[in-house]
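Q: Questions regarding the structure given below will be posed in turn.
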Amino acid sequence: MSKLKADVTILQTGLFSRWDEESPDLPKFLKATVHVPAEIDIEFGFIARIRKAKNRKLSYCIYHPHIPDQHGNVRPPFEGELFVESNDWKFYLGDTIWAPEHDKVGRWRMTLSLGDKVVAEKTFHVHLNDEESQVANFWKRRGF
């Protein structure tokens, strides 16, 4: 095991262009936010920079807000593992909204772990568009 202590930093959080998992390129950053409108195909997540962890196993997990599968059962969190490719590596963890949008509303928590330690995490609040308008109006009334 490496004696170097891994260094993980979240570089960007928010909305991104559509991600092509077959491409070596990361998606393009569009907007910083943790508030995500429940719109079909909207891409959201974060890019983390991982240093001093080459060849270590990185685990990722996306906890969905009790989204049902086609049989009405709650989907389990989406999780997986891969190995860090270099000693200065950028990794995108994200998801997208699919139909029907109304059952995707809620908190989406995304985590990265090295070993048994969570090294990066972000929670996104997915909401229906009418909720976005209410939030915007709330802050607008307060002069923001």
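The way I read the labels, and the way they are meant: chains A, B, ... in the order of the structure tokens, residue 1 as the first residue of every chain, and ligand 1 as the first ligand shown, with later ones counted on from there.
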Pick out each residue of chain A that DSSP on the backbone tags as strand (DSSP E or B); I need them as number ranges by chain.

A: A: 7-16, 29-32, 35-37, 43-51, 57-63, 68, 74, 78-83, 88-96, 106-114, 117-127

Q: Dump as a tab-separated table the rows for residues of stretch 26-85 of chain A within 7 Å of stretch 100-119 of chain A: closest atom pair and distance in Å with one decimal, only C-alpha atoms counted, ordered by chain and rising residue number.

A:
```
residue	atom	partner	partner_atom	distance
A:Ala38	CA	A:Glu101	CA	5.6
A:Glu39	CA	A:Glu101	CA	6.5
A:Ile40	CA	A:Glu101	CA	6.7
A:Lys57	CA	A:Leu114	CA	6.3
A:Leu58	CA	A:Leu114	CA	5.1
A:Ser59	CA	A:Ser113	CA	5.0
A:Tyr60	CA	A:Leu112	CA	4.6
A:Cys61	CA	A:Thr111	CA	5.3
A:Ile62	CA	A:Met110	CA	4.5
A:Tyr63	CA	A:Arg109	CA	5.1
A:His64	CA	A:Trp108	CA	5.1
A:Pro65	CA	A:Gly106	CA	5.3
A:Ile67	CA	A:Asp103	CA	6.0
```

Q: Listing only residues of stretch 49-142 of chain A within 12 Å of stretch 7-20 of chain A, what is the closest atom pair and its distance in Å (to one decimal) for each, using only C-alpha atoms, sorted by chain and residue number ascending, as CSV?

A:
```
residue,atom,partner,partner_atom,distance
A:Arg49,CA,A:Thr9,CA,5.2
A:Ile50,CA,A:Val8,CA,4.6
A:Arg51,CA,A:Asp7,CA,5.0
A:Lys52,CA,A:Asp7,CA,6.4
A:Ala53,CA,A:Asp7,CA,7.8
A:Lys54,CA,A:Asp7,CA,11.2
A:Leu58,CA,A:Val8,CA,11.2
A:Val84,CA,A:Val8,CA,11.5
A:Asn87,CA,A:Asp7,CA,9.6
A:Asp88,CA,A:Asp7,CA,9.3
A:Trp89,CA,A:Val8,CA,9.6
A:Lys90,CA,A:Leu11,CA,8.9
A:Phe91,CA,A:Ile10,CA,9.5
A:Tyr92,CA,A:Trp19,CA,9.0
A:Leu93,CA,A:Thr13,CA,9.8
A:Gly94,CA,A:Trp19,CA,8.6
A:Asp95,CA,A:Trp19,CA,9.0
A:Thr96,CA,A:Arg18,CA,8.5
A:Ile97,CA,A:Arg18,CA,11.3
A:Met110,CA,A:Thr13,CA,11.0
A:Thr111,CA,A:Ile10,CA,11.0
A:Leu112,CA,A:Val8,CA,9.3
A:Ser113,CA,A:Val8,CA,9.9
A:Leu114,CA,A:Val8,CA,9.8
A:Lys117,CA,A:Val8,CA,11.6
A:Val118,CA,A:Val8,CA,10.1
A:Val119,CA,A:Val8,CA,6.3
A:Ala120,CA,A:Val8,CA,6.9
A:Glu121,CA,A:Ile10,CA,8.5
A:Lys122,CA,A:Thr13,CA,8.0
A:Thr123,CA,A:Thr13,CA,9.9
A:Phe124,CA,A:Gly14,CA,8.4
A:His125,CA,A:Gly14,CA,10.7
A:Val126,CA,A:Gly14,CA,11.4
```

Q: Between A:Gly45, A:Glu81, A:Arg56, A:His127, which has the minimum distance to A:Leu4 (counting only C-alpha atoms)?

A: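 Looking at the shortest contact to A:Leu4, the residue is A:Arg56.
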
Q: Take atom CA of A:Leu128 and atom CA of A:Pro37 and report the distance between them in Å, one decimal.

A: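 Those two atoms sit 5.7 Å apart.
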
Q: Just the number, please: distance in Å from atom CA of A:Glu85 to atom CA of A:Glu43, one decimal.

A: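 Going from atom CA of A:Glu85 over to atom CA of A:Glu43, I get 23.8 Å.
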
Q: Run DSSP on the backbone and give me the residues of chain A it puts in helix (DSSP H, G or I), as a ChimeraX atom specification.

A: /A:101-104,129-141
